[in-house]
file protein.cif (mmCIF, C-alpha atoms)
data_upload
#
loop_
_atom_site.label_atom_id
_atom_site.label_comp_id
_atom_site.auth_asym_id
_atom_site.auth_seq_id
_atom_site.Cartn_x
_atom_site.Cartn_y
_atom_site.Cartn_z
CA MET E 1 38.13 59.03 23.58
CA ILE E 2 37.57 55.26 23.60
CA ALA E 3 37.64 53.25 20.36
CA THR E 4 36.04 49.94 19.42
CA ALA E 5 37.04 48.36 16.10
CA THR E 6 34.85 45.95 14.15
CA ARG E 7 35.23 44.38 10.74
CA ASP E 8 33.07 46.93 8.92
CA TYR E 9 33.25 50.10 10.99
CA GLN E 10 35.05 51.80 13.85
CA ILE E 11 33.17 53.06 16.87
CA THR E 12 34.61 55.76 19.08
CA TRP E 13 33.10 57.09 22.27
CA GLU E 14 33.68 60.82 22.36
CA LYS E 15 32.10 63.69 24.25
CA LEU E 16 29.56 65.49 22.13
CA PRO E 17 30.95 68.92 21.14
CA ASP E 18 29.33 71.77 23.02
CA ASP E 19 28.33 73.43 19.75
CA TYR E 20 26.76 70.29 18.29
CA VAL E 21 23.16 71.00 17.35
CA LEU E 22 20.98 68.23 18.70
CA PRO E 23 17.74 67.32 16.91
CA ASP E 24 14.87 69.36 18.29
CA ALA E 25 12.00 67.25 17.03
CA PRO E 26 8.92 67.07 19.27
CA VAL E 27 7.82 63.75 20.73
CA ASP E 28 5.71 61.74 18.31
CA ASN E 29 2.71 61.26 20.57
CA ILE E 30 1.11 62.81 23.65
CA ASN E 31 1.21 59.39 25.36
CA GLN E 32 4.98 59.00 25.26
CA PRO E 33 6.00 61.34 28.13
CA PRO E 34 3.55 59.87 30.68
CA LEU E 35 4.46 56.31 29.70
CA ALA E 36 8.13 57.05 30.27
CA ALA E 37 7.52 58.97 33.52
CA ALA E 38 5.47 56.09 34.92
CA LEU E 39 8.34 53.64 34.35
CA THR E 40 10.77 55.83 36.25
CA GLU E 41 8.41 56.82 39.06
CA SER E 42 7.70 53.29 40.24
CA LEU E 43 11.45 52.60 40.39
CA GLU E 44 12.05 55.78 42.37
CA VAL E 45 9.29 55.48 44.95
CA THR E 46 10.14 51.83 45.67
CA GLY E 47 13.84 52.57 46.22
CA ARG E 48 15.11 50.98 43.02
CA LEU E 49 16.66 54.05 41.44
CA PRO E 50 20.27 54.49 42.63
CA GLU E 51 21.72 58.01 42.71
CA ASN E 52 24.00 57.52 39.72
CA THR E 53 21.39 55.84 37.50
CA LEU E 54 20.02 57.55 34.39
CA THR E 55 16.50 56.94 33.09
CA PRO E 56 16.45 59.31 30.11
CA THR E 57 13.39 60.07 28.02
CA ASN E 58 13.72 61.24 24.42
CA TYR E 59 17.34 62.11 25.20
CA GLY E 60 20.39 61.69 22.98
CA ILE E 61 22.62 58.65 23.46
CA CYS E 62 25.73 59.16 21.37
CA ALA E 63 28.47 57.29 19.56
CA THR E 64 30.80 58.14 16.71
CA MET E 65 30.66 55.74 13.77
CA ASN E 66 33.50 55.93 11.24
CA GLY E 67 34.20 59.48 12.37
CA LYS E 68 30.57 60.64 12.18
CA ILE E 69 28.49 61.44 15.23
CA VAL E 70 25.36 59.33 15.71
CA VAL E 71 22.66 60.40 18.17
CA LYS E 72 19.56 58.35 18.89
CA ALA E 73 16.97 59.30 21.48
CA PRO E 74 14.98 56.29 22.72
CA ASP E 75 11.66 56.96 24.35
CA TRP E 76 13.02 55.46 27.59
CA ALA E 77 16.29 53.91 28.67
CA TYR E 78 17.99 52.65 31.82
CA VAL E 79 21.68 53.32 32.40
CA PRO E 80 22.78 51.66 35.67
CA ASN E 81 25.68 53.96 36.50
CA ILE E 82 27.23 57.15 35.21
CA ARG E 83 30.79 58.11 36.20
CA VAL E 84 30.48 61.86 35.68
CA THR E 85 28.38 64.62 37.21
CA ARG E 86 24.84 65.10 35.97
CA GLU E 87 25.85 68.53 34.72
CA GLU E 88 28.19 66.81 32.25
CA VAL E 89 25.34 64.75 30.78
CA LYS E 90 22.75 67.51 30.75
CA ARG E 91 22.54 67.61 26.94
CA SER E 92 23.45 64.06 25.96
CA TYR E 93 25.19 60.91 27.12
CA THR E 94 28.10 58.97 25.64
CA PRO E 95 28.32 55.40 26.96
CA GLN E 96 31.72 53.89 27.80
CA LEU E 97 33.20 57.39 28.09
CA GLN E 98 30.77 58.76 30.71
CA GLY E 99 29.42 55.58 32.24
CA ASP E 100 27.71 52.27 31.57
CA LEU E 101 25.96 51.20 28.43
CA PRO E 102 22.17 51.17 28.71
CA VAL E 103 20.86 47.77 29.77
CA ILE E 104 17.47 48.43 28.17
CA VAL E 105 16.06 50.88 25.63
CA MET E 106 12.41 51.29 24.73
CA GLU E 107 10.53 52.71 21.78
CA PHE E 108 6.81 53.48 21.94
CA ILE E 109 5.23 53.08 18.53
CA SER E 110 3.03 56.00 17.52
CA ASP E 111 2.86 55.52 13.76
CA THR E 112 3.52 52.87 11.15
CA ASP E 113 6.77 54.07 9.58
CA GLY E 114 8.70 51.18 11.07
CA THR E 115 11.75 53.18 12.16
CA GLU E 116 11.93 51.13 15.36
CA TYR E 117 12.82 48.10 13.20
CA SER E 118 15.33 49.81 10.91
CA ILE E 119 18.50 47.75 10.39
CA LYS E 120 20.06 50.29 8.01
CA PRO E 121 23.83 49.94 8.60
CA THR E 122 25.03 53.00 6.69
CA TYR E 123 25.17 56.49 8.12
CA PRO E 124 22.90 57.49 9.69
CA PRO E 125 22.16 53.98 10.94
CA GLY E 126 18.67 52.77 11.81
CA LYS E 127 17.49 52.48 15.39
CA TRP E 128 17.58 48.68 15.49
CA PHE E 129 21.09 48.58 14.01
CA TYR E 130 22.31 51.26 16.40
CA TYR E 131 20.99 49.58 19.54
CA GLU E 132 22.01 46.08 18.44
CA ARG E 133 25.37 46.54 16.72
CA ILE E 134 26.74 49.86 17.97
CA LEU E 135 25.52 50.20 21.56
CA LYS E 136 24.93 46.45 22.04
CA VAL E 137 22.06 47.10 24.44
CA PRO E 138 21.09 43.73 25.98
CA ASN E 139 17.32 44.41 25.92
CA TYR E 140 15.29 46.24 23.29
CA VAL E 141 11.59 46.86 23.91
CA ILE E 142 9.04 47.97 21.32
CA PHE E 143 5.65 48.84 22.80
CA GLU E 144 2.44 49.86 21.07
CA PRO E 145 0.38 51.82 23.64
CA ASP E 146 -2.85 51.76 21.61
CA THR E 147 -3.02 47.95 21.50
CA GLY E 148 -0.81 46.84 24.38
CA ASN E 149 1.37 44.87 21.98
CA LEU E 150 4.75 44.33 23.62
CA GLU E 151 7.86 42.95 21.95
CA VAL E 152 11.00 42.27 23.98
CA TYR E 153 14.22 41.43 22.18
CA ARG E 154 17.43 40.22 23.81
CA LEU E 155 20.94 40.01 22.43
CA ASP E 156 21.91 36.40 21.79
CA ASN E 157 25.42 34.97 21.84
CA ALA E 158 25.90 36.05 18.23
CA GLY E 159 25.15 39.67 19.13
CA GLN E 160 21.76 39.75 17.41
CA TYR E 161 18.36 40.54 18.82
CA LEU E 162 16.13 37.54 19.40
CA LEU E 163 12.41 37.96 20.10
CA GLN E 164 11.65 36.66 23.59
CA ALA E 165 8.64 34.57 24.51
CA PRO E 166 6.75 35.90 27.53
CA GLU E 167 6.56 33.95 30.76
CA GLU E 168 3.25 32.39 31.77
CA ASN E 169 2.19 35.68 33.39
CA ASN E 170 2.86 37.59 30.14
CA ARG E 171 5.92 39.26 31.64
CA TYR E 172 9.54 39.35 30.58
CA TRP E 173 12.45 38.95 32.96
CA ILE E 174 15.03 41.74 32.65
CA ALA E 175 18.01 40.13 34.36
CA GLU E 176 20.15 43.28 34.54
CA MET E 177 17.46 45.05 36.57
CA ASN E 178 16.29 42.03 38.55
CA LEU E 179 12.75 42.93 37.54
CA SER E 180 10.06 41.71 35.18
CA LEU E 181 8.42 43.95 32.59
CA GLY E 182 4.86 43.63 31.37
CA PHE E 183 1.84 45.64 30.32
CA TRP E 184 -1.05 46.70 32.53
CA GLN E 185 -4.37 48.26 31.66
CA GLY E 186 -5.77 51.04 33.76
CA THR E 187 -5.90 54.77 34.47
CA ARG E 188 -3.19 57.20 35.50
CA GLU E 189 -3.10 60.99 35.13
CA ASN E 190 -6.37 61.06 33.14
CA ARG E 191 -5.10 58.53 30.61
CA THR E 192 -6.89 55.18 30.45
CA GLY E 193 -5.16 52.51 28.43
CA TYR E 194 -2.12 50.26 28.36
CA TRP E 195 0.96 50.99 30.45
CA LEU E 196 4.30 49.30 30.99
CA ARG E 197 4.85 48.17 34.58
CA TRP E 198 7.57 46.51 36.66
CA TRP E 199 7.22 43.46 38.90
CA ASP E 200 9.76 42.37 41.50
CA GLU E 201 11.25 38.93 42.11
CA GLN E 202 8.24 37.90 44.20
CA GLY E 203 5.79 38.90 41.50
CA GLN E 204 4.67 42.07 43.27
CA MET E 205 3.95 45.02 41.00
CA LEU E 206 5.98 48.15 41.76
CA LEU E 207 3.43 50.80 42.62
CA TRP E 208 3.27 54.44 41.62
CA GLY E 209 3.21 57.16 44.24
CA SER E 210 -0.55 57.65 43.90
CA GLU E 211 -1.13 53.93 44.38
CA LEU E 212 1.07 53.84 47.47
CA ALA E 213 -0.84 56.82 48.88
CA GLU E 214 -4.18 55.09 48.22
CA GLN E 215 -2.85 51.91 49.81
CA GLU E 216 -1.87 53.88 52.91
CA ARG E 217 -5.26 55.64 52.96
CA GLN E 218 -7.06 52.29 52.89
CA ARG E 219 -4.82 50.92 55.62
CA ALA E 220 -5.54 53.95 57.83
CA GLU E 221 -9.28 53.63 57.16
CA GLN E 222 -9.23 49.95 58.15
CA GLU E 223 -7.38 50.83 61.34
CA ARG E 224 -9.98 53.50 62.11
CA GLN E 225 -12.86 51.08 61.53
CA ARG E 226 -11.24 48.48 63.80
CA ALA E 227 -10.76 51.11 66.51
CA ASP E 228 -14.38 52.29 66.20
CA LYS E 229 -15.60 48.69 66.45
CA LEU E 230 -13.53 48.05 69.57
CA ILE E 231 -14.82 51.24 71.20
CA ALA E 232 -18.40 50.22 70.43
CA GLN E 233 -17.82 46.76 71.94
CA LEU E 234 -16.33 48.23 75.12
CA ARG E 235 -19.22 50.66 75.53
CA ALA E 236 -21.70 47.84 74.98
CA ALA E 237 -19.99 46.07 77.87
CA GLY E 238 -20.37 49.15 80.07
CA ILE E 239 -16.78 50.26 79.76
CA GLU E 240 -15.97 53.78 78.70
CA PRO E 241 -12.68 53.64 76.80
CA GLU E 242 -10.04 56.29 77.15
CA VAL E 243 -9.59 58.05 73.82
#
call {"tool": "encode", "arguments": {"input": "protein.cif", "output": "structure tokens"}}
result
Amino acid sequence: MIATATRDYQITWEKLPDDYVLPDAPVDNINQPPLAAALTESLEVTGRLPENTLTPTNYGICATMNGKIVVKAPDWAYVPNIRVTREEVKRSYTPQLQGDLPVIVMEFISDTDGTEYSIKPTYPPGKWFYYERILKVPNYVIFEPDTGNLEVYRLDNAGQYLLQAPEENNRYWIAEMNLSLGFWQGTRENRTGYWLRWWDEQGQMLLWGSELAEQERQRAEQERQRADKLIAQLRAAGIEPEV
């Protein structure tokens, strides 16, 4: 167990008991799983997902506040490094005890109840309060898939979330990941709409596996067309190429 004392409450980082009953609520919206999967896939296929990194989706991140267990399940999160086996974090994850704190958490808005903005400090604390004051996650993202509205908050020196202004390209630099985050409109897996995407330091968008496959298909087709053109030119000159 690891303890962190503050003026108003004590935080301990303890392994979730094996018999603890985790919330079994379904995801709020059919769009949430594919949005989360797309964020992870582009990191994986471009070699930016180290072996000990966690990118959980709707998965409990735990802390104990004044002796009471708190579990929040962001729609997507990025934990740079865990120090235990994946079997040990199969059900839930306790930062500090089992590995790094998340460097970013995301919530995808699917209704208007405003829970993503809850600063309720008493048990059970609101999402905003939990991410900001308990976990102290450096980056908090709230995304509205239906409209593409994207809000990125960053912890300031006072330990409070400050709304960030986008860069000129409407992206937000996530320093801990050395990547930019922004929204993109298009189609993936039969869903047409707004998606969250990553861009690298050079401004190149990290592609999904299907996009990389299409890119390779186009490259191969261009090579074939160039070869066919060369063969035709040789034959026009009376030379029969060896194929």
call {"tool": "residues_around", "arguments": {"input": "protein.cif", "residues": "Asn66 of chain E", "least_positions_apart": "3", "cutoff": "8 Å", "atoms": "only C-alpha atoms", "output": "list of chain:residue names"}}
result
E:Tyr9, E:Gln10, E:Ile11, E:Thr12
call {"tool": "closest_atom_pairs", "arguments": {"input": "protein.cif", "of": "segment 133-156 of chain E", "to": "segment 102-116 of chain E", "cutoff": "6 Å", "atoms": "all atoms listed in the file", "output": "tab-separated table"}}
result
residue	atom	partner	partner_atom	distance
E:Val137	CA	E:Val103	CA	5.5
E:Pro138	CA	E:Val103	CA	5.5
E:Asn139	CA	E:Ile104	CA	4.6
E:Tyr140	CA	E:Val105	CA	5.3
E:Val141	CA	E:Met106	CA	4.6
E:Ile142	CA	E:Glu107	CA	5.0
E:Phe143	CA	E:Phe108	CA	4.9
E:Glu144	CA	E:Ile109	CA	5.0
call {"tool": "residues_around", "arguments": {"input": "protein.cif", "residues": "segment 209-214 of chain E", "least_positions_apart": "4", "cutoff": "12 Å", "atoms": "only C-alpha atoms", "output": "ChimeraX atom specification"}}
result
/E:37-47,186-189,205,218-221
call {"tool": "write_last_selection", "arguments": {"input": "protein.cif", "atoms": "C-alpha atoms", "output": "PDB file, in the frame of the given file"}}
result
ATOM      1  CA  ALA E  37       7.520  58.970  33.520  1.00  0.00           C
ATOM      2  CA  ALA E  38       5.470  56.090  34.920  1.00  0.00           C
ATOM      3  CA  LEU E  39       8.340  53.640  34.350  1.00  0.00           C
ATOM      4  CA  THR E  40      10.770  55.830  36.250  1.00  0.00           C
ATOM      5  CA  GLU E  41       8.410  56.820  39.060  1.00  0.00           C
ATOM      6  CA  SER E  42       7.700  53.290  40.240  1.00  0.00           C
ATOM      7  CA  LEU E  43      11.450  52.600  40.390  1.00  0.00           C
ATOM      8  CA  GLU E  44      12.050  55.780  42.370  1.00  0.00           C
ATOM      9  CA  VAL E  45       9.290  55.480  44.950  1.00  0.00           C
ATOM     10  CA  THR E  46      10.140  51.830  45.670  1.00  0.00           C
ATOM     11  CA  GLY E  47      13.840  52.570  46.220  1.00  0.00           C
ATOM     12  CA  GLY E 186      -5.770  51.040  33.760  1.00  0.00           C
ATOM     13  CA  THR E 187      -5.900  54.770  34.470  1.00  0.00           C
ATOM     14  CA  ARG E 188      -3.190  57.200  35.500  1.00  0.00           C
ATOM     15  CA  GLU E 189      -3.100  60.990  35.130  1.00  0.00           C
ATOM     16  CA  MET E 205       3.950  45.020  41.000  1.00  0.00           C
ATOM     17  CA  GLN E 218      -7.060  52.290  52.890  1.00  0.00           C
ATOM     18  CA  ARG E 219      -4.820  50.920  55.620  1.00  0.00           C
ATOM     19  CA  ALA E 220      -5.540  53.950  57.830  1.00  0.00           C
ATOM     20  CA  GLU E 221      -9.280  53.630  57.160  1.00  0.00           C
TER      21      GLU E 221
END
call {"tool": "residues_around", "arguments": {"input": "protein.cif", "residues": "Gly126 of chain E", "least_positions_apart": "5", "cutoff": "8 Å", "atoms": "all atoms listed in the file", "output": "list in words"}}
result
Thr115, Glu116, Tyr117, Ser118, Ile119, Lys120 and Pro121 of chain E
call {"tool": "residues_around", "arguments": {"input": "protein.cif", "residues": "segment 69-86 of chain E", "least_positions_apart": "3", "cutoff": "7 Å", "atoms": "all atoms listed in the file", "output": "PyMOL selection string"}}
result
chain E and resi 36+52-65+89-90+98-108+124
call {"tool": "resolve_selection", "arguments": {"input": "protein.cif", "expression": "the PyMOL selection byres ((chain E and resi 171) around 8)", "output": "list in words"}}
result
Pro166, Glu167, Glu168, Asn169, Asn170, Tyr172, Trp173, Ser180, Leu181, Gly182 and Phe183 of chain E
call {"tool": "write_last_selection", "arguments": {"input": "protein.cif", "atoms": "C-alpha atoms", "output": "compact mmCIF listing (two decimals), in the coordinates of the input"}}
result
# COMPACT_ATOMS: atom_id res chain seq x y z
CA PRO E 166 6.75 35.90 27.53
CA GLU E 167 6.56 33.95 30.76
CA GLU E 168 3.25 32.39 31.77
CA ASN E 169 2.19 35.68 33.39
CA ASN E 170 2.86 37.59 30.14
CA TYR E 172 9.54 39.35 30.58
CA TRP E 173 12.45 38.95 32.96
CA SER E 180 10.06 41.71 35.18
CA LEU E 181 8.42 43.95 32.59
CA GLY E 182 4.86 43.63 31.37
CA PHE E 183 1.84 45.64 30.32
call {"tool": "atom_distance", "arguments": {"input": "protein.cif", "atom1": "atom CA of Leu196 of chain E", "atom2": "atom CA of Ala165 of chain E"}}
result
16.7 Å
call {"tool": "atom_distance", "arguments": {"input": "protein.cif", "atom1": "atom CA of Tyr194 of chain E", "atom2": "atom CA of Pro50 of chain E"}}
result
26.9 Å
call {"tool": "resolve_selection", "arguments": {"input": "protein.cif", "expression": "the PyMOL selection byres ((chain E and resi 31) around 10)", "output": "list in words"}}
result
Val27, Asp28, Asn29, Ile30, Gln32, Pro33, Pro34, Leu35, Ala36, Phe108, Ser110, Pro145, Asp146, Arg191, Gly193 and Trp195 of chain E
call {"tool": "closest_residue", "arguments": {"input": "protein.cif", "among": "E:Leu234, E:Asp156, E:Glu88, E:Lys68", "to": "Tyr123 of chain E", "atoms": "only C-alpha atoms"}}
result
E:Lys68
call {"tool": "atom_distance", "arguments": {"input": "protein.cif", "atom1": "atom CA of Glu151 of chain E", "atom2": "atom CA of Asn178 of chain E"}}
result
18.6 Å
call {"tool": "residues_near_point", "arguments": {"input": "protein.cif", "point": "(18.3, 44.6, 39.5)", "cutoff": "10 Å", "atoms": "all atoms listed in the file", "output": "count of residues only"}}
result
12
call {"tool": "axis_aligned_box", "arguments": {"input": "protein.cif", "around": "segment 217-232 of chain E", "padding_each_side": "4 Å", "output": "JSON"}}
result
{"center_x": -11.6, "center_y": 51.8, "center_z": 62.0, "size_x": 21.6, "size_y": 15.6, "size_z": 26.3}
call {"tool": "closest_residue", "arguments": {"input": "protein.cif", "among": "E:Leu163, E:Leu150, E:Leu230, E:Leu16", "to": "Tyr93 of chain E", "atoms": "only C-alpha atoms"}}
result
E:Leu16
call {"tool": "build_atoms", "arguments": {"input": "protein.cif", "residues": "segment 80-100 of chain E", "atoms": "N, CA and C atoms", "output": "compact mmCIF listing (two decimals), in the coordinates of the input"}}
result
# COMPACT_ATOMS: atom_id res chain seq x y z
N PRO E 80 22.58 51.97 34.25
CA PRO E 80 22.78 51.66 35.67
C PRO E 80 23.67 52.65 36.42
N ASN E 81 24.73 53.15 35.76
CA ASN E 81 25.68 53.96 36.50
C ASN E 81 26.42 54.91 35.57
N ILE E 82 26.41 56.19 35.93
CA ILE E 82 27.23 57.15 35.21
C ILE E 82 28.43 57.50 36.10
N ARG E 83 29.55 57.85 35.45
CA ARG E 83 30.79 58.11 36.20
C ARG E 83 31.16 59.59 36.20
N VAL E 84 30.25 60.42 35.73
CA VAL E 84 30.48 61.86 35.68
C VAL E 84 29.33 62.56 36.40
N THR E 85 29.46 63.86 36.57
CA THR E 85 28.38 64.62 37.21
C THR E 85 27.18 64.72 36.26
N ARG E 86 26.03 64.95 36.81
CA ARG E 86 24.84 65.10 35.97
C ARG E 86 24.92 66.35 35.10
N GLU E 87 25.66 67.34 35.53
CA GLU E 87 25.85 68.53 34.72
C GLU E 87 26.54 68.18 33.41
N GLU E 88 27.46 67.19 33.45
CA GLU E 88 28.19 66.81 32.25
C GLU E 88 27.34 66.04 31.25
N VAL E 89 26.21 65.49 31.69
CA VAL E 89 25.34 64.75 30.78
C VAL E 89 23.99 65.44 30.64
N LYS E 90 24.00 66.75 30.82
CA LYS E 90 22.75 67.51 30.75
C LYS E 90 22.16 67.48 29.35
N ARG E 91 23.02 67.55 28.32
CA ARG E 91 22.54 67.61 26.94
C ARG E 91 22.44 66.24 26.29
N SER E 92 23.37 65.35 26.62
CA SER E 92 23.45 64.06 25.96
C SER E 92 24.33 63.14 26.79
N TYR E 93 24.41 61.89 26.37
CA TYR E 93 25.19 60.91 27.12
C TYR E 93 25.97 60.03 26.15
N THR E 94 27.26 59.86 26.43
CA THR E 94 28.10 58.97 25.64
C THR E 94 28.50 57.77 26.48
N PRO E 95 27.94 56.59 26.20
CA PRO E 95 28.32 55.40 26.96
C PRO E 95 29.81 55.12 26.85
N GLN E 96 30.32 54.26 27.73
CA GLN E 96 31.72 53.89 27.80
C GLN E 96 32.56 55.05 28.29
N LEU E 97 32.41 56.23 27.69
CA LEU E 97 33.20 57.39 28.09
C LEU E 97 32.69 57.97 29.41
N GLN E 98 31.37 58.09 29.54
CA GLN E 98 30.77 58.76 30.71
C GLN E 98 30.11 57.81 31.68
N GLY E 99 30.04 56.54 31.34
CA GLY E 99 29.42 55.58 32.24
C GLY E 99 29.04 54.31 31.51
N ASP E 100 28.12 53.57 32.11
CA ASP E 100 27.71 52.27 31.57
C ASP E 100 26.92 52.41 30.28
